[in-house]
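*Asks:* Quick one, final_5.txt (compact mmCIF, C-alpha atoms):
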```txt
# COMPACT_ATOMS: atom_id res chain seq x y z
CA MET C 119 112.35 -125.54 -173.43
CA ARG C 120 110.97 -129.06 -173.66
CA SER C 121 108.46 -129.44 -176.45
CA ALA C 122 104.86 -129.68 -175.30
CA THR C 123 103.95 -132.00 -178.21
CA GLU C 124 107.10 -133.99 -179.12
CA GLY C 125 108.87 -136.23 -176.60
CA ASP C 126 112.33 -136.10 -178.21
CA ALA C 127 112.34 -132.42 -179.11
CA ILE C 128 113.07 -129.00 -177.66
CA VAL C 129 111.84 -125.49 -178.48
CA SER C 130 114.16 -122.50 -178.57
CA LEU C 131 112.96 -118.91 -178.23
CA VAL C 132 115.21 -116.82 -180.46
CA GLU C 133 115.85 -113.07 -180.38
CA ALA C 134 113.66 -112.23 -183.38
CA LYS C 135 110.10 -111.27 -184.32
CA ASP C 136 107.97 -112.24 -187.30
CA VAL C 137 106.24 -109.70 -189.58
CA TYR C 138 103.35 -109.47 -187.08
CA GLY C 139 105.61 -108.73 -184.12
CA ASN C 140 105.25 -112.20 -182.57
CA PRO C 141 108.27 -113.86 -180.89
CA VAL C 142 109.96 -116.45 -183.10
CA ILE C 143 110.62 -120.00 -181.88
CA ALA C 144 112.55 -122.88 -183.44
CA ALA C 145 111.44 -126.50 -183.00
CA ILE C 146 114.45 -128.83 -182.81
CA HIS C 147 114.22 -132.63 -183.10
CA LEU C 148 117.04 -134.40 -181.25
CA ASN C 149 119.12 -137.40 -182.36
CA GLY C 150 117.75 -137.48 -185.89
CA LYS C 151 119.33 -139.39 -188.75
CA GLY C 152 121.38 -137.44 -191.27
CA ALA C 153 123.37 -138.55 -194.31
CA GLY C 154 125.01 -141.94 -193.85
CA PHE C 155 125.20 -142.88 -190.17
CA ALA C 156 125.43 -139.34 -188.79
CA GLU C 157 123.16 -138.42 -185.87
CA ILE C 158 121.96 -134.83 -186.03
CA ASN C 159 119.80 -132.31 -184.21
CA LYS C 160 117.31 -131.22 -186.88
CA ILE C 161 115.60 -127.83 -186.95
CA ALA C 162 112.11 -128.98 -187.91
CA SER C 163 110.50 -125.54 -188.16
CA VAL C 164 110.93 -121.85 -187.33
CA TYR C 165 107.84 -119.67 -186.92
CA GLY C 166 106.23 -116.81 -185.02
CA LYS C 167 104.29 -117.86 -181.90
CA ASP C 168 101.05 -115.84 -181.67
CA ASN C 169 99.88 -117.38 -178.37
CA ASN C 170 101.80 -115.69 -175.55
CA VAL C 171 99.77 -117.47 -172.86
CA ALA C 172 100.89 -120.90 -174.09
CA LEU C 173 104.44 -119.67 -174.58
CA GLN C 174 104.56 -118.25 -171.03
CA ARG C 175 103.27 -121.60 -169.72
CA GLN C 176 106.16 -123.35 -171.45
CA LEU C 177 108.64 -120.88 -169.95
CA ASP C 178 107.21 -121.51 -166.49
CA ASN C 179 107.03 -125.30 -166.64
CA ASN C 180 109.36 -126.65 -169.37
CA LEU C 181 112.38 -124.34 -169.30
CA LEU C 182 115.74 -126.11 -169.64
CA TYR C 183 118.20 -123.29 -170.34
CA LEU C 184 118.10 -119.54 -169.77
CA ASN C 185 120.58 -116.78 -170.57
CA ASN C 186 119.60 -114.21 -167.94
CA GLY C 187 121.75 -111.50 -169.47
CA LYS C 188 119.85 -111.58 -172.76
CA ALA C 189 116.47 -112.95 -171.73
CA ALA C 190 115.11 -110.31 -169.34
CA LYS C 191 115.12 -107.41 -171.80
CA TRP C 192 113.99 -109.52 -174.75
CA LEU C 193 111.14 -111.28 -172.93
CA HIS C 194 109.82 -107.93 -171.68
CA ALA C 195 109.90 -106.59 -175.25
CA VAL C 196 107.59 -109.38 -176.46
CA GLY C 197 105.28 -109.37 -173.44
CA LEU C 198 106.73 -112.34 -171.56
CA GLN C 199 108.28 -112.74 -168.11
CA LEU C 200 111.11 -114.68 -166.54
CA PRO C 201 109.82 -117.73 -164.62
CA GLU C 202 111.07 -116.36 -161.28
CA ALA C 203 109.07 -113.18 -161.73
CA ASN C 204 105.86 -114.81 -162.91
CA THR C 205 103.11 -114.70 -160.32
CA LEU C 206 101.10 -117.56 -161.81
CA SER C 207 103.52 -120.44 -161.29
CA GLY C 208 107.22 -120.24 -160.52
CA SER C 209 109.66 -122.85 -161.77
CA SER C 210 110.98 -125.34 -159.25
CA LYS C 211 113.07 -127.26 -161.79
CA ASN C 212 116.82 -127.03 -162.30
CA ILE C 213 117.39 -124.55 -165.16
CA LEU C 214 120.81 -124.41 -166.78
CA SER C 215 122.62 -121.13 -167.36
CA PRO C 216 125.68 -120.16 -169.45
CA ASP C 217 127.82 -120.62 -166.32
CA ASP C 218 126.63 -124.21 -165.97
CA ILE C 219 127.67 -124.93 -169.56
CA ARG C 220 131.12 -123.40 -169.07
CA LYS C 221 131.67 -125.28 -165.79
CA ASN C 222 131.09 -128.66 -167.42
CA THR C 223 134.75 -129.21 -168.37
CA ALA C 224 134.65 -133.02 -168.40
CA LEU C 225 132.14 -133.59 -171.20
CA TYR C 226 134.48 -132.92 -174.13
CA SER C 227 137.82 -132.83 -172.35
CA ARG C 228 140.63 -135.38 -172.42
CA THR C 229 139.82 -136.14 -168.76
CA GLY C 230 136.30 -137.21 -169.65
CA GLU C 231 135.08 -140.49 -171.06
CA ALA C 232 137.81 -142.14 -173.16
CA ALA C 233 135.45 -142.96 -176.00
CA MET C 234 133.90 -139.47 -176.14
CA ASP C 235 135.93 -138.38 -179.18
CA GLU C 236 134.89 -141.49 -181.09
CA ILE C 237 131.23 -141.06 -180.15
CA THR C 238 131.24 -137.38 -181.08
CA ASN C 239 132.92 -138.01 -184.42
CA ARG C 240 130.47 -140.78 -185.24
CA LYS C 241 127.46 -138.60 -184.43
CA MET C 242 128.81 -135.67 -186.43
CA GLY C 243 129.83 -137.82 -189.40
CA PHE C 244 133.55 -137.04 -189.15
CA ASN C 245 136.18 -139.41 -190.48
CA VAL C 246 139.20 -138.94 -188.28
CA GLU C 247 142.51 -139.16 -190.15
CA LYS C 248 144.74 -141.74 -188.52
CA GLY C 249 148.31 -140.90 -187.61
CA LYS C 250 151.38 -142.47 -189.23
CA VAL C 251 151.85 -144.95 -186.37
CA GLU C 252 148.23 -146.14 -186.57
CA LYS C 253 148.45 -146.45 -190.36
CA ALA C 254 151.68 -148.46 -190.06
CA LYS C 255 150.08 -150.79 -187.51
CA ASP C 256 147.03 -151.31 -189.74
CA PHE C 257 149.27 -152.04 -192.74
CA TYR C 258 151.38 -154.51 -190.77
CA GLY C 259 148.27 -156.28 -189.50
CA MET C 260 146.85 -156.51 -193.01
CA VAL C 261 150.10 -157.90 -194.47
CA LYS C 262 150.51 -160.36 -191.61
CA SER C 263 146.99 -161.71 -192.15
CA LYS C 264 147.71 -162.75 -195.77
CA ASP C 265 149.47 -165.93 -196.88
CA ARG C 266 152.51 -165.75 -199.18
CA THR C 267 150.62 -166.34 -202.45
CA GLU C 268 147.90 -163.86 -201.57
CA LEU C 269 150.48 -161.29 -200.45
CA LYS C 270 152.42 -161.61 -203.72
CA SER C 271 149.23 -161.10 -205.72
CA TRP C 272 148.27 -158.07 -203.61
CA LEU C 273 151.71 -156.45 -204.02
CA GLN C 274 151.57 -157.01 -207.78
CA GLU C 275 148.13 -155.39 -207.93
CA MET C 276 149.31 -152.40 -205.87
CA GLY C 277 152.31 -152.00 -208.18
CA ARG C 278 150.05 -151.99 -211.21
CA LYS C 279 147.75 -149.38 -209.68
CA LEU C 280 150.72 -147.17 -208.84
CA ASN C 281 152.07 -147.51 -212.38
CA THR C 282 148.67 -146.65 -213.87
CA LYS C 283 148.10 -143.59 -211.68
CA THR C 284 151.65 -142.26 -211.88
CA PHE C 285 153.26 -143.25 -215.18
CA ASP C 286 151.04 -144.95 -217.75
CA GLY C 287 147.28 -144.47 -217.85
CA MET C 288 147.02 -147.03 -220.66
CA ALA C 289 148.71 -149.77 -218.62
CA PRO C 290 145.48 -151.73 -217.81
CA LEU C 291 145.13 -152.49 -221.54
CA LYS C 292 148.59 -154.03 -221.55
CA TYR C 293 147.87 -156.04 -218.40
CA ALA C 294 144.71 -157.43 -220.01
CA GLU C 295 146.56 -158.34 -223.22
CA ASP C 296 149.38 -160.00 -221.25
CA ALA C 297 146.80 -162.06 -219.35
CA ASP C 298 145.29 -163.23 -222.69
CA GLY C 299 148.71 -163.95 -224.18
CA LYS C 300 148.43 -161.33 -226.94
CA SER C 301 151.83 -160.16 -228.20
CA ASP C 302 151.22 -158.96 -231.80
CA ALA C 303 151.85 -155.20 -231.84
CA ARG C 304 149.87 -154.82 -235.08
CA SER C 305 146.61 -155.78 -233.36
CA SER C 306 147.45 -154.48 -229.90
CA ALA C 307 144.84 -152.19 -228.33
CA TYR C 308 147.53 -150.92 -225.96
CA ILE C 309 149.86 -149.86 -228.79
CA GLY C 310 146.94 -148.29 -230.66
CA ALA C 311 145.88 -146.31 -227.60
CA ARG C 312 149.43 -145.07 -226.97
CA MET C 313 149.76 -143.98 -230.60
CA ALA C 314 146.37 -142.26 -230.54
CA ALA C 315 147.35 -140.41 -227.38
CA GLY C 316 150.41 -139.00 -229.15
CA ALA C 317 148.58 -138.18 -232.38
CA GLY C 318 147.58 -134.75 -231.11
CA SER C 319 151.22 -133.76 -230.58
CA VAL C 320 152.18 -134.95 -234.07
CA THR C 321 149.29 -132.98 -235.59
CA ALA C 322 150.24 -129.86 -233.66
CA ALA C 323 153.85 -130.17 -234.82
CA THR C 324 152.70 -130.60 -238.43
CA LEU C 325 150.47 -127.54 -238.27
CA GLU C 326 152.81 -125.21 -236.40
CA HIS C 327 156.48 -126.25 -236.29
CA GLY C 328 157.51 -127.82 -239.61
CA LEU C 329 157.07 -130.78 -241.92
CA PRO C 330 156.71 -134.29 -240.45
CA LYS C 331 158.79 -137.29 -241.51
CA TYR C 332 158.42 -140.94 -240.60
CA ASN C 333 161.65 -142.43 -239.28
CA LYS C 334 161.35 -146.07 -240.36
CA ALA C 335 164.43 -147.17 -238.43
CA ASP C 336 163.11 -145.92 -235.09
CA GLY C 337 159.41 -146.26 -235.90
CA VAL C 338 158.59 -142.68 -234.93
CA VAL C 339 157.29 -139.51 -236.62
CA GLU C 340 159.68 -136.58 -236.36
CA ARG C 341 160.18 -133.11 -237.83
CA GLN C 342 162.20 -132.89 -241.00
CA ALA C 343 165.56 -131.24 -240.46
CA GLY C 344 165.79 -127.75 -241.90
CA THR C 345 162.05 -127.06 -241.78
CA GLY C 346 160.38 -124.54 -239.50
CA LYS C 347 157.16 -122.68 -238.90
CA GLU C 348 157.25 -121.05 -242.33
CA ASP C 349 157.07 -124.57 -243.85
CA SER C 350 154.19 -125.75 -241.64
CA LEU C 351 150.56 -125.49 -242.69
CA MET C 352 149.80 -122.60 -240.33
CA GLY C 353 152.96 -120.84 -241.46
CA ILE C 354 151.84 -121.08 -245.08
CA LEU C 355 148.36 -119.83 -244.18
CA ASP C 356 149.87 -116.85 -242.35
CA ALA C 357 150.36 -115.32 -245.79
CA LEU C 358 146.58 -114.86 -245.95
CA GLY C 359 146.77 -112.35 -243.12
CA ASN C 360 143.36 -111.36 -241.78
CA HIS C 361 141.66 -113.65 -244.31
CA ARG C 362 143.10 -116.85 -242.81
CA GLU C 363 140.15 -117.55 -240.54
CA ASN C 364 137.70 -116.88 -243.35
CA PHE C 365 139.60 -119.37 -245.50
CA LEU C 366 139.44 -122.04 -242.79
CA LYS C 367 135.71 -121.41 -242.44
CA TRP C 368 135.32 -121.79 -246.19
CA ILE C 369 137.14 -125.15 -246.07
CA ALA C 370 134.85 -126.36 -243.26
CA GLY C 371 131.71 -125.16 -245.01
CA HIS C 372 132.74 -126.61 -248.37
CA ARG C 373 133.45 -130.01 -246.80
CA SER C 374 130.15 -129.96 -244.88
CA GLU C 375 128.30 -129.19 -248.10
CA ARG C 376 129.97 -132.11 -249.85
CA LEU C 377 129.24 -134.53 -246.99
CA MET C 378 125.59 -133.51 -246.98
CA ALA C 379 125.39 -134.17 -250.74
CA GLU C 380 126.80 -137.64 -250.07
CA GLY C 381 124.18 -138.26 -247.38
CA LYS C 382 126.73 -138.39 -244.55
```
Please rewrite the model in this file as structure tokens.
*Replies:*
Amino acid sequence: MRSATEGDAIVSLVEAKDVYGNPVIAAIHLNGKGAGFAEINKIASVYGKDNNVALQRQLDNNLLYLNNGKAAKWLHAVGLQLPEANTLSGSSKNILSPDDIRKNTALYSRTGEAAMDEITNRKMGFNVEKGKVEKAKDFYGMVKSKDRTELKSWLQEMGRKLNTKTFDGMAPLKYAEDADGKSDARSSAYIGARMAAGAGSVTAATLEHGLPKYNKADGVVERQAGTGKEDSLMGILDALGNHRENFLKWIAGHRSERLMAEGK
């Protein structure tokens, strides 16, 4: 039904009653603004209508859609009548039915307005995924619009992003150092970050798999040949059995006590 108080709103009588036995209606505001640019139909309120006279007047004069199969029995149950059967004022307006909705095949069909899909997606806030052909056309148009210098810079930037996401998450540090002309590995943030990232693996190997050794020739830390778990720190602590965790807790507590005494 059209709202009696709001110009751009409708009222729907739903098949439900409130705690007092009154029929429940929902007030719906049309073409509202949702998140972003989405246009929505907003349910402003849902409540029990305790004035059957006013509700019957709306049915008689403002009805837009009626499901005859469901309405007759439900309206009778809440003390209302179909407009055709009301003796006070019959409805002379065109009232849609479920059959009218089903017959309207052009509204959202491919034979309807060509821009209907675009309009519907915009109102519902959908982002339609483009096909491969459309993506290729967009890419070609973008590349064609750039001059040679700009295109070279863009391709270099895309290559760097691909390298960062796929192979080396620390790469932006190296790019920044290259741009500043820094080449000393001893003060390189990139080298430091790469070494820090691998420190966890070295620590784990030291604790669990054997004794570490620095290979000066190759500049790497590796496990000493002939050592195994029994030589690692955790292997040695295994001899404590069930007391190992208590020992580790004692180490942590003893160090905390010392740091507190030092004011740290």
*Asks:* So, with all atoms listed in the file as the atoms that count, which of C:Gly125, C:Ile158, C:Gln176, C:Asp168 lies closest to C:Gly139?
*Replies:*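 For C:Gly139, the nearest of the candidates is C:Asp168.
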*Asks:* Of the candidates C:Leu291, C:Val129, C:Leu177, C:Ala370, which one gets nearest to C:Tyr165 if we count only C-alpha atoms?
*Replies:*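 Of the candidates, the smallest distance to C:Tyr165 is held by C:Val129.
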*Asks:* State, in Å with one decimal place, the distance from atom CA of C:Lys188 to atom CA of C:Glu124.
*Replies:* 26.6 Å
*Asks:* Atom CA of C:His327 and atom CA of C:Asn364, how far apart in Å?
*Replies:* 22.1 Å
*Asks:* Give the answer as one residue: which of C:Lys347, C:Lys283, C:Lys300, C:Lys191 has the shortest atom-to-atom distance to C:Glu133, using all atoms listed in the file?
*Replies:*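 Of all the options, C:Lys191 lies closest to C:Glu133.
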*Asks:* Atom CA of C:Ser163 and atom CA of C:Ser121, how far apart in Å?
*Replies:*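 For atom CA of C:Ser121 relative to atom CA of C:Ser163, the distance reads 12.5 Å.
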*Asks:* List the neighbours of C:Ile213 out to 7 Å using all atoms listed in the file; skip same-chain residues closer than 4 positions along the sequence, and give me the result as number ranges by chain.
*Replies:* C: 181-184
*Asks:* Would you place a box with edges along x, y and z of the file around all atoms of stretch 353-358 of chain C listed there, add 3 Å to each of its six sides, and report the centre and edge lengths in Å to one decimal, as JSON?
*Replies:*
```
{"center_x": 149.8, "center_y": -118.0, "center_z": -243.7, "size_x": 12.4, "size_y": 12.2, "size_z": 10.5}
```
*Asks:* Considering all atoms listed in the file, return as a list in words whatever protein or nucleic-acid residues lie within 9 Å of C:Val339, sequence-local ones (same chain, fewer than 6 positions apart) excluded.
*Replies:*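 Near C:Val339, the qualifying residues are Val320, Pro330, Lys331, Tyr332 and Asn333 of chain C.
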*Asks:* Just checking: using all atoms listed in the file, which residue out of C:Ile143, C:Met119, C:Ala134, C:Val164 ends up closest to C:Asn180?
*Replies:* C:Met119
*Asks:* Just so I have it separately, write stretch 258-295 of chain C from the block I sent, keeping C-alpha atoms, as a PDB file, in the first residue's frame.
*Replies:*
```pdb
ATOM      1  CA  TYR C 258      45.537  -2.340 -24.176  1.00  0.00           C
ATOM      2  CA  GLY C 259      43.825   1.037 -23.912  1.00  0.00           C
ATOM      3  CA  MET C 260      45.790   1.897 -20.785  1.00  0.00           C
ATOM      4  CA  VAL C 261      49.139   0.896 -22.353  1.00  0.00           C
ATOM      5  CA  LYS C 262      48.350   2.738 -25.572  1.00  0.00           C
ATOM      6  CA  SER C 263      47.576   5.940 -23.667  1.00  0.00           C
ATOM      7  CA  LYS C 264      51.072   6.110 -22.101  1.00  0.00           C
ATOM      8  CA  ASP C 265      54.213   7.458 -23.769  1.00  0.00           C
ATOM      9  CA  ARG C 266      57.360   5.308 -23.979  1.00  0.00           C
ATOM     10  CA  THR C 267      59.075   6.756 -20.878  1.00  0.00           C
ATOM     11  CA  GLU C 268      55.937   6.543 -18.779  1.00  0.00           C
ATOM     12  CA  LEU C 269      55.258   2.993 -19.985  1.00  0.00           C
ATOM     13  CA  LYS C 270      58.793   1.864 -19.090  1.00  0.00           C
ATOM     14  CA  SER C 271      58.422   3.324 -15.599  1.00  0.00           C
ATOM     15  CA  TRP C 272      55.022   1.657 -15.159  1.00  0.00           C
ATOM     16  CA  LEU C 273      56.331  -1.761 -16.265  1.00  0.00           C
ATOM     17  CA  GLN C 274      59.279  -1.447 -13.870  1.00  0.00           C
ATOM     18  CA  GLU C 275      56.921  -0.605 -11.010  1.00  0.00           C
ATOM     19  CA  MET C 276      54.649  -3.562 -11.838  1.00  0.00           C
ATOM     20  CA  GLY C 277      57.692  -5.859 -11.913  1.00  0.00           C
ATOM     21  CA  ARG C 278      58.775  -4.633  -8.506  1.00  0.00           C
ATOM     22  CA  LYS C 279      55.312  -5.180  -7.039  1.00  0.00           C
ATOM     23  CA  LEU C 280      55.199  -8.703  -8.458  1.00  0.00           C
ATOM     24  CA  ASN C 281      58.635  -9.465  -7.021  1.00  0.00           C
ATOM     25  CA  THR C 282      57.631  -8.120  -3.603  1.00  0.00           C
ATOM     26  CA  LYS C 283      54.350 -10.048  -3.431  1.00  0.00           C
ATOM     27  CA  THR C 284      55.700 -13.300  -4.866  1.00  0.00           C
ATOM     28  CA  PHE C 285      59.386 -13.696  -4.035  1.00  0.00           C
ATOM     29  CA  ASP C 286      60.921 -11.134  -1.692  1.00  0.00           C
ATOM     30  CA  GLY C 287      58.878  -9.195   0.847  1.00  0.00           C
ATOM     31  CA  MET C 288      61.969  -7.179   1.808  1.00  0.00           C
ATOM     32  CA  ALA C 289      62.559  -5.960  -1.754  1.00  0.00           C
ATOM     33  CA  PRO C 290      61.205  -2.383  -1.187  1.00  0.00           C
ATOM     34  CA  LEU C 291      64.120  -1.781   1.213  1.00  0.00           C
ATOM     35  CA  LYS C 292      66.571  -2.711  -1.521  1.00  0.00           C
ATOM     36  CA  TYR C 293      64.791  -0.511  -4.070  1.00  0.00           C
ATOM     37  CA  ALA C 294      65.001   2.443  -1.678  1.00  0.00           C
ATOM     38  CA  GLU C 295      68.712   1.831  -1.014  1.00  0.00           C
TER      39      GLU C 295
END
```
